[in-house]
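> Hey, dropping run12.csv in here, CSV, N, CA and C atoms:
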```
chain,number,residue,atom,x,y,z
U,30,MET,N,-11.0,52.0,15.9
U,30,MET,CA,-9.7,51.8,15.3
U,30,MET,C,-8.9,50.7,16.0
U,31,LYS,N,-9.0,50.8,17.4
U,31,LYS,CA,-8.3,49.8,18.2
U,31,LYS,C,-8.9,48.4,18.0
U,32,GLY,N,-10.2,48.3,17.8
U,32,GLY,CA,-10.8,47.0,17.6
U,32,GLY,C,-10.4,46.4,16.3
U,33,CYS,N,-10.2,47.2,15.3
U,33,CYS,CA,-9.8,46.7,14.0
U,33,CYS,C,-8.4,46.2,14.1
U,34,ASN,N,-7.5,46.9,14.8
U,34,ASN,CA,-6.1,46.4,15.0
U,34,ASN,C,-6.1,45.1,15.7
U,35,LEU,N,-6.9,45.0,16.7
U,35,LEU,CA,-7.0,43.8,17.5
U,35,LEU,C,-7.4,42.6,16.7
U,36,ILE,N,-8.4,42.8,15.8
U,36,ILE,CA,-8.9,41.7,15.0
U,36,ILE,C,-7.8,41.3,14.0
U,37,TYR,N,-7.1,42.3,13.4
U,37,TYR,CA,-6.0,42.1,12.4
U,37,TYR,C,-4.9,41.3,13.1
U,38,PHE,N,-4.6,41.7,14.3
U,38,PHE,CA,-3.5,41.0,15.1
U,38,PHE,C,-3.9,39.5,15.4
U,39,THR,N,-5.1,39.3,15.8
U,39,THR,CA,-5.5,37.9,16.1
U,39,THR,C,-5.6,37.1,14.9
U,40,HIS,N,-6.1,37.6,13.8
U,40,HIS,CA,-6.1,36.9,12.5
U,40,HIS,C,-4.7,36.5,12.1
U,41,THR,N,-3.8,37.5,12.1
U,41,THR,CA,-2.4,37.2,11.7
U,41,THR,C,-1.8,36.2,12.7
U,42,PHE,N,-2.0,36.3,14.0
U,42,PHE,CA,-1.5,35.3,14.9
U,42,PHE,C,-2.0,33.9,14.6
U,43,PHE,N,-3.3,33.7,14.4
U,43,PHE,CA,-3.8,32.4,14.1
U,43,PHE,C,-3.3,31.8,12.8
U,44,CYS,N,-3.1,32.7,11.8
U,44,CYS,CA,-2.6,32.2,10.5
U,44,CYS,C,-1.1,31.7,10.7
U,45,VAL,N,-0.4,32.5,11.4
U,45,VAL,CA,1.0,32.0,11.6
U,45,VAL,C,1.1,30.7,12.5
U,46,TRP,N,0.2,30.6,13.5
U,46,TRP,CA,0.1,29.4,14.3
U,46,TRP,C,-0.3,28.2,13.5
U,47,ARG,N,-1.3,28.4,12.6
U,47,ARG,CA,-1.7,27.3,11.7
U,47,ARG,C,-0.6,26.8,10.8
U,48,PHE,N,0.1,27.7,10.2
U,48,PHE,CA,1.2,27.4,9.3
U,48,PHE,C,2.3,26.7,10.1
U,49,TYR,N,2.6,27.1,11.3
U,49,TYR,CA,3.6,26.5,12.1
U,49,TYR,C,3.2,25.0,12.5
U,50,LYS,N,2.0,24.8,12.8
U,50,LYS,CA,1.5,23.4,13.1
U,50,LYS,C,1.6,22.5,11.9
U,51,MET,N,1.2,23.1,10.7
U,51,MET,CA,1.3,22.3,9.5
U,51,MET,C,2.8,21.9,9.2
U,52,TYR,N,3.7,22.9,9.4
U,52,TYR,CA,5.1,22.7,9.2
U,52,TYR,C,5.6,21.5,10.1
U,53,LYS,N,5.2,21.6,11.4
U,53,LYS,CA,5.7,20.5,12.3
U,53,LYS,C,5.2,19.1,11.9
U,54,GLN,N,3.9,19.1,11.5
U,54,GLN,CA,3.4,17.8,11.0
U,54,GLN,C,4.1,17.3,9.8
U,55,THR,N,4.3,18.2,8.9
U,55,THR,CA,5.0,17.8,7.6
U,55,THR,C,6.4,17.3,7.9
U,56,MET,N,7.1,17.9,8.8
U,56,MET,CA,8.5,17.5,9.1
U,56,MET,C,8.5,16.1,9.8
U,57,GLY,N,7.5,15.8,10.6
U,57,GLY,CA,7.4,14.5,11.2
U,57,GLY,C,7.2,13.5,10.1
U,58,PHE,N,6.4,13.8,9.1
U,58,PHE,CA,6.1,12.8,8.0
U,58,PHE,C,7.4,12.6,7.2
U,59,VAL,N,8.1,13.7,6.9
U,59,VAL,CA,9.3,13.6,6.1
U,59,VAL,C,10.4,12.8,6.9
U,60,ARG,N,10.5,13.0,8.2
U,60,ARG,CA,11.4,12.3,9.0
U,60,ARG,C,11.1,10.8,9.0
U,61,GLY,N,9.8,10.5,9.0
U,61,GLY,CA,9.5,9.1,9.0
U,61,GLY,C,9.8,8.4,7.6
U,62,ILE,N,9.6,9.1,6.5
U,62,ILE,CA,10.0,8.6,5.2
U,62,ILE,C,11.5,8.4,5.1
U,63,GLY,N,12.2,9.4,5.6
U,63,GLY,CA,13.7,9.2,5.6
U,63,GLY,C,14.2,8.0,6.4
U,64,THR,N,13.6,7.8,7.6
U,64,THR,CA,13.9,6.7,8.4
U,64,THR,C,13.6,5.4,7.7
U,65,GLY,N,12.5,5.3,7.0
U,65,GLY,CA,12.1,4.1,6.3
U,65,GLY,C,13.0,3.8,5.1
U,66,LEU,N,13.5,4.9,4.5
U,66,LEU,CA,14.4,4.7,3.4
U,66,LEU,C,15.8,4.2,3.8
U,67,VAL,N,16.2,4.7,4.9
U,67,VAL,CA,17.5,4.2,5.5
U,67,VAL,C,17.4,2.8,5.9
U,68,ALA,N,16.3,2.4,6.6
U,68,ALA,CA,16.2,1.0,7.0
U,68,ALA,C,16.0,0.1,5.8
U,69,GLY,N,15.3,0.5,4.8
U,69,GLY,CA,15.2,-0.3,3.6
U,69,GLY,C,16.6,-0.5,2.9
U,70,MET,N,17.4,0.5,2.8
U,70,MET,CA,18.7,0.4,2.2
U,70,MET,C,19.6,-0.5,3.0
U,71,ALA,N,19.5,-0.4,4.3
U,71,ALA,CA,20.3,-1.3,5.2
U,71,ALA,C,19.9,-2.8,5.0
U,72,LEU,N,18.6,-3.0,5.0
U,72,LEU,CA,18.1,-4.4,4.7
U,72,LEU,C,18.5,-4.9,3.4
U,73,ALA,N,18.4,-4.1,2.3
U,73,ALA,CA,18.8,-4.5,1.0
U,73,ALA,C,20.3,-4.8,0.9
U,74,THR,N,21.1,-4.1,1.6
U,74,THR,CA,22.6,-4.3,1.6
U,74,THR,C,22.9,-5.7,2.3
U,75,VAL,N,22.2,-5.9,3.5
U,75,VAL,CA,22.5,-7.1,4.2
U,75,VAL,C,21.9,-8.3,3.4
U,76,GLY,N,20.8,-8.2,2.8
U,76,GLY,CA,20.2,-9.3,2.0
U,76,GLY,C,21.1,-9.6,0.8
U,77,ASN,N,21.6,-8.5,0.2
U,77,ASN,CA,22.5,-8.7,-1.0
U,77,ASN,C,23.7,-9.5,-0.6
U,78,GLN,N,24.3,-9.2,0.5
U,78,GLN,CA,25.5,-9.9,1.0
U,78,GLN,C,25.2,-11.4,1.3
U,79,MET,N,24.0,-11.6,1.9
U,79,MET,CA,23.6,-13.0,2.2
U,79,MET,C,23.4,-13.8,0.9
U,80,MET,N,22.8,-13.1,-0.1
U,80,MET,CA,22.5,-13.8,-1.3
U,80,MET,C,23.8,-14.2,-2.0
U,81,LYS,N,24.8,-13.4,-1.9
U,81,LYS,CA,26.1,-13.7,-2.6
U,81,LYS,C,26.8,-14.9,-1.9
U,82,ASN,N,26.7,-14.9,-0.6
U,82,ASN,CA,27.5,-15.8,0.2
U,82,ASN,C,26.9,-17.2,0.5
U,83,ASN,N,25.6,-17.3,0.4
U,83,ASN,CA,24.9,-18.5,0.9
U,83,ASN,C,24.0,-19.1,-0.2
U,84,ARG,N,24.3,-20.2,-0.7
U,84,ARG,CA,23.5,-20.8,-1.8
U,84,ARG,C,22.2,-21.3,-1.3
U,85,GLY,N,22.1,-21.8,-0.1
U,85,GLY,CA,20.9,-22.3,0.5
U,85,GLY,C,19.9,-21.2,0.8
U,86,PHE,N,20.4,-20.0,1.3
U,86,PHE,CA,19.6,-18.9,1.5
U,86,PHE,C,19.0,-18.4,0.2
U,87,ARG,N,19.8,-18.4,-0.9
U,87,ARG,CA,19.4,-17.9,-2.2
U,87,ARG,C,18.3,-18.8,-2.7
U,88,LYS,N,18.4,-20.1,-2.5
U,88,LYS,CA,17.4,-21.0,-3.0
U,88,LYS,C,16.1,-20.8,-2.2
U,89,ARG,N,16.1,-20.7,-0.9
U,89,ARG,CA,14.9,-20.4,-0.1
U,89,ARG,C,14.3,-19.1,-0.5
U,90,ALA,N,15.1,-18.1,-0.7
U,90,ALA,CA,14.5,-16.8,-1.0
U,90,ALA,C,13.8,-16.9,-2.4
U,91,ASN,N,14.4,-17.6,-3.3
U,91,ASN,CA,13.8,-17.8,-4.6
U,91,ASN,C,12.4,-18.5,-4.5
U,92,LYS,N,12.4,-19.5,-3.7
U,92,LYS,CA,11.1,-20.3,-3.5
U,92,LYS,C,10.1,-19.4,-2.8
U,93,THR,N,10.5,-18.6,-1.9
U,93,THR,CA,9.6,-17.6,-1.2
U,93,THR,C,9.0,-16.6,-2.2
U,94,LEU,N,9.9,-16.0,-3.0
U,94,LEU,CA,9.4,-15.1,-4.0
U,94,LEU,C,8.4,-15.7,-4.9
U,95,HIS,N,8.7,-16.9,-5.3
U,95,HIS,CA,7.8,-17.6,-6.3
U,95,HIS,C,6.4,-17.9,-5.6
U,96,THR,N,6.5,-18.3,-4.3
U,96,THR,CA,5.2,-18.5,-3.6
U,96,THR,C,4.4,-17.2,-3.4
U,97,VAL,N,5.1,-16.1,-3.1
U,97,VAL,CA,4.4,-14.9,-2.9
U,97,VAL,C,3.8,-14.4,-4.3
U,98,GLY,N,4.5,-14.6,-5.3
U,98,GLY,CA,4.0,-14.3,-6.7
U,98,GLY,C,2.7,-15.0,-7.0
U,99,GLU,N,2.8,-16.3,-6.7
U,99,GLU,CA,1.6,-17.2,-6.9
U,99,GLU,C,0.4,-16.7,-6.0
U,100,LEU,N,0.7,-16.3,-4.8
U,100,LEU,CA,-0.4,-15.8,-3.9
U,100,LEU,C,-1.0,-14.5,-4.5
U,101,MET,N,-0.2,-13.6,-5.0
U,101,MET,CA,-0.7,-12.4,-5.6
U,101,MET,C,-1.5,-12.7,-6.8
U,102,ASP,N,-1.1,-13.7,-7.6
U,102,ASP,CA,-1.9,-14.0,-8.8
U,102,ASP,C,-3.3,-14.6,-8.3
U,103,SER,N,-3.3,-15.4,-7.3
U,103,SER,CA,-4.5,-15.9,-6.8
U,103,SER,C,-5.4,-14.8,-6.2
U,104,MET,N,-4.8,-13.9,-5.5
U,104,MET,CA,-5.6,-12.7,-5.0
U,104,MET,C,-6.2,-11.9,-6.2
U,105,GLN,N,-5.5,-11.7,-7.2
U,105,GLN,CA,-6.0,-11.0,-8.4
U,105,GLN,C,-7.1,-11.7,-9.0
U,106,TYR,N,-7.0,-13.0,-9.1
U,106,TYR,CA,-8.0,-13.9,-9.7
U,106,TYR,C,-9.3,-13.8,-8.9
U,107,LEU,N,-9.1,-13.8,-7.5
U,107,LEU,CA,-10.2,-13.8,-6.6
U,107,LEU,C,-11.0,-12.5,-6.8
U,108,PHE,N,-10.4,-11.4,-7.0
U,108,PHE,CA,-11.1,-10.1,-7.1
U,108,PHE,C,-11.6,-9.8,-8.5
U,109,LYS,N,-11.4,-10.6,-9.4
U,109,LYS,CA,-11.9,-10.4,-10.8
U,109,LYS,C,-13.4,-10.8,-10.9
```
Could you write out this structure as structure tokens?


Amino acid sequence: MKGCNLIYFTHTFFCVWRFYKMYKQTMGFVRGIGTGLVAGMALATVGNQMMKNNRGFRKRANKTLHTVGELMDSMQYLFK
């Protein structure tokens, strides 16, 4: 009877430990996503203000986006 209780206790202990470790890993992942979202919003806000105030920056940004779009089209054509 005591051996059965010991096995039950160890099984329960390891299940709880496994769930605790999974919880910790998940929270780290969620924290990383949250940090990325905050950094992205900050960059978008700064970029938006620069686009409104600076005509030269707006022109260079438009050229860069056009060039990146052409690069993506070339990569798609390469893999077809």

> Any idea what the distance is between atom CA of Lys88 of chain U and atom N of Val75 of chain U?

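Separation between atom CA of Lys88 of chain U and atom N of Val75 of chain U: 17.1 Å.
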
> If you measure from atom C of Ala90 of chain U to atom N of Asn77 of chain U, what distance in Å do you get, rounded to one decimal?

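Computing the Euclidean distance for atom C of Ala90 of chain U and atom N of Asn77 of chain U yields 11.8 Å.
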
> One number please: atom CA of Gly63 of chain U to atom CA of Gln78 of chain U, in Å, one decimal.

22.9 Å
